[in-house]
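Engineer: What follows is upload_13.csv, CSV, C-alpha atoms.
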```csv
chain,number,residue,atom,x,y,z
A,28,MET,CA,21.2,-60.6,-3.2
A,29,TRP,CA,21.7,-59.5,-6.8
A,30,HIS,CA,24.6,-60.5,-9.0
A,31,LEU,CA,28.0,-58.6,-8.7
A,32,ALA,CA,27.2,-57.6,-5.1
A,33,GLN,CA,30.0,-58.0,-2.7
A,34,VAL,CA,29.5,-58.7,1.0
A,35,ARG,CA,32.8,-58.8,2.9
A,36,GLU,CA,33.9,-61.0,5.8
A,37,ASP,CA,32.2,-60.5,9.1
A,38,ALA,CA,29.4,-58.4,7.7
A,39,ARG,CA,26.1,-59.1,9.3
A,40,LEU,CA,22.9,-58.9,7.3
A,41,GLY,CA,19.5,-59.1,9.0
A,42,ALA,CA,16.4,-61.0,7.7
A,43,ASP,CA,14.6,-59.9,4.5
A,44,CYS,CA,17.3,-57.6,3.2
A,45,THR,CA,17.8,-56.8,-0.5
A,46,ILE,CA,21.3,-56.1,-1.7
A,47,GLY,CA,21.4,-54.7,-5.3
A,48,ARG,CA,23.6,-55.3,-8.2
A,49,GLY,CA,27.2,-54.2,-7.7
A,50,ALA,CA,26.6,-53.0,-4.1
A,51,TYR,CA,29.5,-53.2,-1.7
A,52,ILE,CA,29.1,-54.1,2.0
A,53,GLY,CA,32.4,-53.7,3.9
A,54,PRO,CA,33.9,-56.1,6.5
A,55,GLY,CA,32.1,-56.0,9.8
A,56,VAL,CA,29.2,-53.7,8.6
A,57,GLU,CA,26.0,-54.4,10.4
A,58,VAL,CA,22.7,-54.3,8.4
A,59,GLY,CA,19.4,-54.7,10.2
A,60,ASP,CA,16.3,-56.5,9.2
A,61,ALA,CA,14.2,-55.5,6.1
A,62,CYS,CA,16.9,-53.1,4.7
A,63,LYS,CA,17.4,-52.3,1.0
A,64,VAL,CA,20.9,-51.4,-0.3
A,65,GLN,CA,20.3,-50.5,-3.9
A,66,ASN,CA,22.5,-51.0,-7.0
A,67,TYR,CA,26.1,-49.8,-6.8
A,68,ALA,CA,25.7,-48.4,-3.3
A,69,LEU,CA,28.9,-48.5,-1.2
A,70,VAL,CA,28.7,-49.1,2.5
A,71,TYR,CA,32.1,-49.0,4.1
A,72,GLU,CA,33.0,-50.4,7.5
A,73,PRO,CA,32.2,-49.8,10.3
A,74,ALA,CA,28.8,-48.6,9.1
A,75,ARG,CA,25.7,-49.6,11.2
A,76,LEU,CA,22.2,-49.7,9.6
A,77,ALA,CA,19.2,-50.3,11.8
A,78,ASP,CA,16.1,-52.1,10.7
A,79,GLY,CA,14.2,-50.8,7.7
A,80,VAL,CA,16.9,-48.6,6.3
A,81,PHE,CA,17.0,-47.7,2.6
A,82,ILE,CA,20.2,-46.9,0.8
A,83,GLY,CA,19.6,-45.6,-2.7
A,84,PRO,CA,21.4,-46.4,-5.9
A,85,GLY,CA,25.0,-45.2,-6.0
A,86,ALA,CA,24.9,-43.8,-2.5
A,87,VAL,CA,28.2,-43.8,-0.5
A,88,LEU,CA,28.7,-44.2,3.2
A,89,THR,CA,32.4,-43.2,3.8
A,90,ASN,CA,34.7,-44.2,6.7
A,91,ASP,CA,37.8,-42.0,6.6
A,92,GLU,CA,37.9,-38.5,8.0
A,93,PHE,CA,41.3,-37.6,6.5
A,94,PRO,CA,41.7,-39.7,3.4
A,95,ARG,CA,45.2,-40.0,1.9
A,96,ALA,CA,46.7,-42.8,-0.3
A,97,ALA,CA,50.2,-42.2,1.1
A,98,ASN,CA,51.9,-41.1,4.3
A,99,PRO,CA,53.9,-37.8,4.3
A,100,ASP,CA,57.1,-39.9,3.9
A,101,GLY,CA,55.7,-41.3,0.6
A,102,THR,CA,55.0,-44.8,1.9
A,103,ALA,CA,51.6,-46.3,1.0
A,104,LYS,CA,49.0,-46.1,3.7
A,105,SER,CA,47.9,-49.4,5.3
A,106,ALA,CA,45.0,-50.3,7.6
A,107,GLU,CA,47.2,-49.4,10.6
A,108,ASP,CA,47.6,-45.8,9.4
A,109,TRP,CA,44.1,-44.7,10.0
A,110,ASP,CA,41.0,-45.2,12.2
A,111,ALA,CA,37.8,-46.1,10.4
A,112,VAL,CA,34.8,-44.0,11.5
A,113,ALA,CA,31.2,-45.0,11.1
A,114,VAL,CA,28.1,-43.7,9.4
A,115,THR,CA,25.2,-44.8,11.6
A,116,ILE,CA,21.7,-44.9,10.2
A,117,GLU,CA,18.8,-45.3,12.6
A,118,GLN,CA,15.5,-47.2,12.1
A,119,GLY,CA,13.5,-46.5,9.0
A,120,ALA,CA,15.8,-43.7,7.6
A,121,SER,CA,16.4,-43.4,3.8
A,122,VAL,CA,19.4,-42.1,1.9
A,123,GLY,CA,18.6,-41.1,-1.7
A,124,ALA,CA,20.4,-42.0,-4.9
A,125,ARG,CA,24.0,-40.7,-5.2
A,126,ALA,CA,23.9,-39.1,-1.8
A,127,VAL,CA,27.2,-39.2,0.2
A,128,CYS,CA,27.4,-39.5,4.0
A,129,ILE,CA,30.8,-38.4,5.2
A,130,ALA,CA,31.7,-40.2,8.4
A,131,PRO,CA,31.4,-39.8,11.3
A,132,VAL,CA,27.7,-38.9,11.1
A,133,THR,CA,24.4,-40.3,12.4
A,134,ILE,CA,21.2,-40.2,10.3
A,135,GLY,CA,18.3,-40.1,12.7
A,136,ALA,CA,15.3,-42.5,12.7
A,137,TRP,CA,12.9,-42.0,9.8
A,138,ALA,CA,14.9,-39.1,8.3
A,139,LEU,CA,15.2,-38.7,4.6
A,140,VAL,CA,18.4,-37.6,2.8
A,141,ALA,CA,17.5,-36.4,-0.7
A,142,ALA,CA,19.2,-37.7,-3.8
A,143,GLY,CA,22.6,-36.1,-4.4
A,144,ALA,CA,22.9,-34.6,-0.9
A,145,VAL,CA,26.2,-34.5,0.9
A,146,VAL,CA,25.7,-35.1,4.6
A,147,THR,CA,28.5,-33.7,6.8
A,148,THR,CA,26.8,-33.3,10.1
A,149,ASP,CA,24.3,-35.4,12.1
A,150,VAL,CA,20.7,-35.5,10.8
A,151,PRO,CA,17.9,-35.4,13.4
A,152,PRO,CA,15.1,-38.0,13.4
A,153,HIS,CA,12.4,-37.2,10.8
A,154,ALA,CA,14.4,-34.5,9.1
A,155,LEU,CA,14.3,-33.9,5.3
A,156,VAL,CA,17.7,-32.8,4.2
A,157,VAL,CA,18.9,-31.7,0.8
A,158,GLY,CA,21.8,-30.0,-0.9
A,159,VAL,CA,25.6,-29.7,-0.6
A,160,PRO,CA,26.2,-29.6,2.3
A,161,ALA,CA,22.9,-31.1,3.3
A,162,ARG,CA,20.6,-28.8,5.3
A,163,ARG,CA,17.1,-29.4,6.8
A,164,ILE,CA,14.2,-28.0,4.7
A,165,GLY,CA,11.4,-29.9,6.4
A,166,TRP,CA,10.2,-32.9,8.2
A,167,VAL,CA,9.0,-36.4,7.1
A,168,GLY,CA,6.8,-38.9,8.8
A,169,ARG,CA,7.4,-42.7,9.0
A,170,ALA,CA,5.6,-43.0,5.6
A,171,GLY,CA,8.5,-40.9,4.0
A,172,ARG,CA,6.2,-38.1,2.9
A,173,PRO,CA,6.8,-34.4,3.9
A,174,LEU,CA,4.8,-33.4,6.9
A,175,VAL,CA,2.3,-30.6,6.6
A,176,SER,CA,2.1,-27.8,9.2
A,177,GLU,CA,-1.2,-27.5,11.0
A,178,GLY,CA,-0.9,-24.9,13.8
A,179,GLU,CA,1.5,-26.3,16.4
A,180,ASP,CA,1.5,-29.7,14.8
A,181,TRP,CA,3.1,-31.4,11.9
A,182,VAL,CA,0.9,-34.0,10.2
A,183,CYS,CA,1.6,-36.9,7.9
A,184,PRO,CA,-0.7,-36.7,4.9
A,185,VAL,CA,-0.6,-40.5,4.5
A,186,SER,CA,-1.0,-41.8,8.1
A,187,GLY,CA,-2.4,-38.8,9.9
A,188,GLU,CA,0.3,-39.2,12.6
A,189,ARG,CA,0.9,-35.9,14.4
A,190,TYR,CA,4.2,-34.5,15.6
A,191,ARG,CA,5.4,-31.4,17.5
A,192,GLU,CA,8.7,-29.6,17.0
A,193,THR,CA,10.6,-28.7,20.1
A,194,SER,CA,14.2,-27.3,20.1
A,195,GLY,CA,14.8,-28.3,16.5
A,196,ARG,CA,13.6,-31.9,17.1
A,197,LEU,CA,10.3,-33.6,16.2
A,198,HIS,CA,8.3,-35.7,18.7
A,199,PRO,CA,5.0,-37.5,18.5
A,200,ALA,CA,2.2,-35.1,19.6
A,201,VAL,CA,0.3,-36.2,22.6
```
Turn this file's structure into structure tokens for me.
Structural biologist:
Amino acid sequence: MWHLAQVREDARLGADCTIGRGAYIGPGVEVGDACKVQNYALVYEPARLADGVFIGPGAVLTNDEFPRAANPDGTAKSAEDWDAVAVTIEQGASVGARAVCIAPVTIGAWALVAAGAVVTTDVPPHALVVGVPARRIGWVGRAGRPLVSEGEDWVCPVSGERYRETSGRLHPAV
């Protein structure tokens, strides 16, 4: 854990995690084993990060679908005036620098959210998403590299792992 990082009450961090300078982990957030939350990333409750998740510098995981500082009558909002919603990030997925994930969304296992993307809908496992709003432009393998199309298969140039796309989802080729 680097200096100026803030980990709030009831947050749970798994083994071998790195929490960068100035990062914020909200109350009750769950972070799996071997995760990296880079400098100045903001992970608001009730986010859930599975094992091996990477959160890039300055990334934000939000928790309020309808943000307001005050109620219509002018009174300040309190914790009782809203329901926190979660960003869920599955095993091995990565969220790039300055990306924003607008809850409630799920980032699928091994997916890659590009730097600066704004995620407003669920991201399928292994998807490579970019832009505002984020849209899928390709697939990535567990090594994080874009997959290469070879006939019916998608192949990882690093590991050689092969996948097949079915109904907009990627599955290991058998």
Engineer: Taking into account only C-alpha atoms, which residue in the set A:Ile164, A:Asp37, A:Arg191, A:Trp29 is nearest to A:Ser176?
Structural biologist: A:Arg191
Engineer: Measure the distance from atom CA of A:Asn90 to atom CA of A:His30 in Å and round it to one decimal.
Structural biologist: 24.8 Å
Engineer: Let me make sure I understand: among A:Tyr51, A:Trp109, A:Val70, A:Trp137, which one has the smallest atom-to-atom distance to A:Arg95 if we use all atoms listed in the file?
Structural biologist: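 Distance minimum relative to A:Arg95 lands on A:Trp109.
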Engineer: Can you measure atom CA of A:Val140 to atom CA of A:Ala74 for me? One decimal in Å is fine.
Structural biologist: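 Answer for the atom CA of A:Val140 to atom CA of A:Ala74 separation: 16.4 Å.
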Engineer: May I ask for the distance between atom CA of A:Ala170 and atom CA of A:Gln118, given in Å to one decimal place?
Structural biologist: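 Atom CA of A:Gln118 lies at a distance of 12.6 Å from atom CA of A:Ala170.
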Engineer: Could you list, as a ChimeraX atom specification, every residue within 10 Å of stretch 142-145 of chain A, counting only C-alpha atoms and ignoring same-chain residues fewer than 5 positions away?
Structural biologist: /A:83-87,121-129,156-162
Engineer: Extract, using all atoms listed in the file, all DNA, RNA and protein residues at most 12 Å from A:Arg48, discarding same-chain residues fewer than 6 positions from it, and format them as an NGL selection string.
Structural biologist: :A and (28-34 or 63-69 or 83-85)
Engineer: Using C-alpha atoms, can you export the residues from the last selection as a PDB file, in the coordinates of the input?
Structural biologist:
```pdb
ATOM      1  CA  MET A  28      21.200 -60.600  -3.200  1.00  0.00           C
ATOM      2  CA  TRP A  29      21.700 -59.500  -6.800  1.00  0.00           C
ATOM      3  CA  HIS A  30      24.600 -60.500  -9.000  1.00  0.00           C
ATOM      4  CA  LEU A  31      28.000 -58.600  -8.700  1.00  0.00           C
ATOM      5  CA  ALA A  32      27.200 -57.600  -5.100  1.00  0.00           C
ATOM      6  CA  GLN A  33      30.000 -58.000  -2.700  1.00  0.00           C
ATOM      7  CA  VAL A  34      29.500 -58.700   1.000  1.00  0.00           C
ATOM      8  CA  LYS A  63      17.400 -52.300   1.000  1.00  0.00           C
ATOM      9  CA  VAL A  64      20.900 -51.400  -0.300  1.00  0.00           C
ATOM     10  CA  GLN A  65      20.300 -50.500  -3.900  1.00  0.00           C
ATOM     11  CA  ASN A  66      22.500 -51.000  -7.000  1.00  0.00           C
ATOM     12  CA  TYR A  67      26.100 -49.800  -6.800  1.00  0.00           C
ATOM     13  CA  ALA A  68      25.700 -48.400  -3.300  1.00  0.00           C
ATOM     14  CA  LEU A  69      28.900 -48.500  -1.200  1.00  0.00           C
ATOM     15  CA  GLY A  83      19.600 -45.600  -2.700  1.00  0.00           C
ATOM     16  CA  PRO A  84      21.400 -46.400  -5.900  1.00  0.00           C
ATOM     17  CA  GLY A  85      25.000 -45.200  -6.000  1.00  0.00           C
TER      18      GLY A  85
END
```
Engineer: So that I can check the surroundings of A:Glu117, please list as an MDAnalysis selection string every protein, DNA and RNA residue that reaches within 7 Å of it, counting all atoms listed in the file and ignoring chain neighbours fewer than 5 positions away.
Structural biologist: chainID A and resid 76:77 134:136
Engineer: I'd like the neighbourhood of stretch 171-173 of chain A as a ChimeraX atom specification, where a residue qualifies if any of its atoms comes within 8 Å (using all atoms listed in the file), though same-chain residues fewer than 6 positions away should be ignored.
Structural biologist: /A:137-139,155,165,183-185
Engineer: Name all residues at most 9 Å from A:Gly59 (count all atoms listed in the file; drop same-chain ones fewer than 6 positions away) and give them as a PDB file with C-alpha atoms, keeping the file's coordinate frame.
Structural biologist:
```pdb
ATOM      1  CA  ARG A  39      26.100 -59.100   9.300  1.00  0.00           C
ATOM      2  CA  LEU A  40      22.900 -58.900   7.300  1.00  0.00           C
ATOM      3  CA  GLY A  41      19.500 -59.100   9.000  1.00  0.00           C
ATOM      4  CA  ALA A  42      16.400 -61.000   7.700  1.00  0.00           C
ATOM      5  CA  CYS A  44      17.300 -57.600   3.200  1.00  0.00           C
ATOM      6  CA  ARG A  75      25.700 -49.600  11.200  1.00  0.00           C
ATOM      7  CA  LEU A  76      22.200 -49.700   9.600  1.00  0.00           C
ATOM      8  CA  ALA A  77      19.200 -50.300  11.800  1.00  0.00           C
ATOM      9  CA  ASP A  78      16.100 -52.100  10.700  1.00  0.00           C
ATOM     10  CA  GLY A  79      14.200 -50.800   7.700  1.00  0.00           C
ATOM     11  CA  VAL A  80      16.900 -48.600   6.300  1.00  0.00           C
ATOM     12  CA  GLN A 118      15.500 -47.200  12.100  1.00  0.00           C
TER      13      GLN A 118
END
```
Engineer: Which of these residues is nearest to A:Cys62, using all atoms listed in the file: A:Asp43, A:Asp149, A:Glu192, A:Asp180?
Structural biologist: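 Result for the nearest residue to A:Cys62: A:Asp43.
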Engineer: Take stretch 134-163 of chain A, bring it up to N, CA and C atoms, and give me the output as a short mmCIF file (atom, residue, chain, number, x, y, z; two decimals), in the coordinates of the input.
Structural biologist:
```
data_model
loop_
_atom_site.label_atom_id
_atom_site.label_comp_id
_atom_site.auth_asym_id
_atom_site.auth_seq_id
_atom_site.Cartn_x
_atom_site.Cartn_y
_atom_site.Cartn_z
N ILE A 134 22.45 -40.56 10.93
CA ILE A 134 21.20 -40.20 10.30
C ILE A 134 20.09 -40.69 11.22
N GLY A 135 19.29 -39.78 11.75
CA GLY A 135 18.30 -40.10 12.70
C GLY A 135 17.14 -40.98 12.17
N ALA A 136 16.42 -41.62 13.05
CA ALA A 136 15.30 -42.50 12.70
C ALA A 136 14.31 -41.76 11.79
N TRP A 137 13.89 -42.42 10.75
CA TRP A 137 12.90 -42.00 9.80
C TRP A 137 13.24 -40.72 9.02
N ALA A 138 14.48 -40.28 9.11
CA ALA A 138 14.90 -39.10 8.30
C ALA A 138 15.02 -39.49 6.85
N LEU A 139 15.05 -38.46 6.01
CA LEU A 139 15.20 -38.70 4.60
C LEU A 139 16.25 -37.75 4.02
N VAL A 140 17.30 -38.37 3.47
CA VAL A 140 18.40 -37.60 2.80
C VAL A 140 18.07 -37.65 1.33
N ALA A 141 17.91 -36.47 0.74
CA ALA A 141 17.50 -36.40 -0.70
C ALA A 141 18.64 -36.87 -1.59
N ALA A 142 18.26 -37.26 -2.78
CA ALA A 142 19.20 -37.70 -3.80
C ALA A 142 20.25 -36.62 -4.02
N GLY A 143 21.50 -37.02 -4.09
CA GLY A 143 22.60 -36.10 -4.40
C GLY A 143 23.07 -35.25 -3.24
N ALA A 144 22.46 -35.37 -2.08
CA ALA A 144 22.90 -34.60 -0.90
C ALA A 144 24.24 -35.06 -0.42
N VAL A 145 24.95 -34.16 0.25
CA VAL A 145 26.20 -34.50 0.90
C VAL A 145 26.06 -34.20 2.38
N VAL A 146 25.99 -35.26 3.19
CA VAL A 146 25.70 -35.10 4.60
C VAL A 146 27.08 -35.02 5.35
N THR A 147 27.29 -33.89 6.03
CA THR A 147 28.50 -33.70 6.80
C THR A 147 28.34 -33.52 8.25
N THR A 148 27.08 -33.42 8.69
CA THR A 148 26.80 -33.30 10.10
C THR A 148 25.57 -34.24 10.40
N ASP A 149 25.37 -34.55 11.68
CA ASP A 149 24.30 -35.40 12.10
C ASP A 149 22.93 -34.87 11.58
N VAL A 150 22.04 -35.79 11.25
CA VAL A 150 20.70 -35.50 10.80
C VAL A 150 19.71 -35.88 11.84
N PRO A 151 18.86 -34.98 12.34
CA PRO A 151 17.90 -35.40 13.40
C PRO A 151 16.84 -36.32 12.86
N PRO A 152 16.24 -37.09 13.77
CA PRO A 152 15.10 -38.00 13.40
C PRO A 152 14.05 -37.17 12.63
N HIS A 153 13.49 -37.76 11.61
CA HIS A 153 12.40 -37.20 10.80
C HIS A 153 12.76 -36.02 9.94
N ALA A 154 14.03 -35.62 9.91
CA ALA A 154 14.40 -34.50 9.10
C ALA A 154 14.46 -34.81 7.63
N LEU A 155 14.09 -33.86 6.80
CA LEU A 155 14.30 -33.90 5.30
C LEU A 155 15.41 -33.00 5.02
N VAL A 156 16.53 -33.59 4.52
CA VAL A 156 17.70 -32.80 4.20
C VAL A 156 18.04 -32.88 2.73
N VAL A 157 18.52 -31.75 2.17
CA VAL A 157 18.90 -31.70 0.80
C VAL A 157 20.13 -30.83 0.61
N GLY A 158 20.79 -30.94 -0.53
CA GLY A 158 21.80 -30.00 -0.90
C GLY A 158 23.25 -30.42 -0.53
N VAL A 159 24.18 -29.50 -0.86
CA VAL A 159 25.60 -29.70 -0.60
C VAL A 159 26.12 -28.43 0.07
N PRO A 160 26.43 -28.46 1.35
CA PRO A 160 26.20 -29.60 2.30
C PRO A 160 24.71 -29.69 2.58
N ALA A 161 24.32 -30.86 3.05
CA ALA A 161 22.90 -31.10 3.30
C ALA A 161 22.41 -30.17 4.46
N ARG A 162 21.19 -29.67 4.27
CA ARG A 162 20.60 -28.80 5.30
C ARG A 162 19.08 -29.23 5.36
N ARG A 163 18.51 -29.05 6.55
CA ARG A 163 17.10 -29.40 6.80
C ARG A 163 16.20 -28.41 6.11
#
```
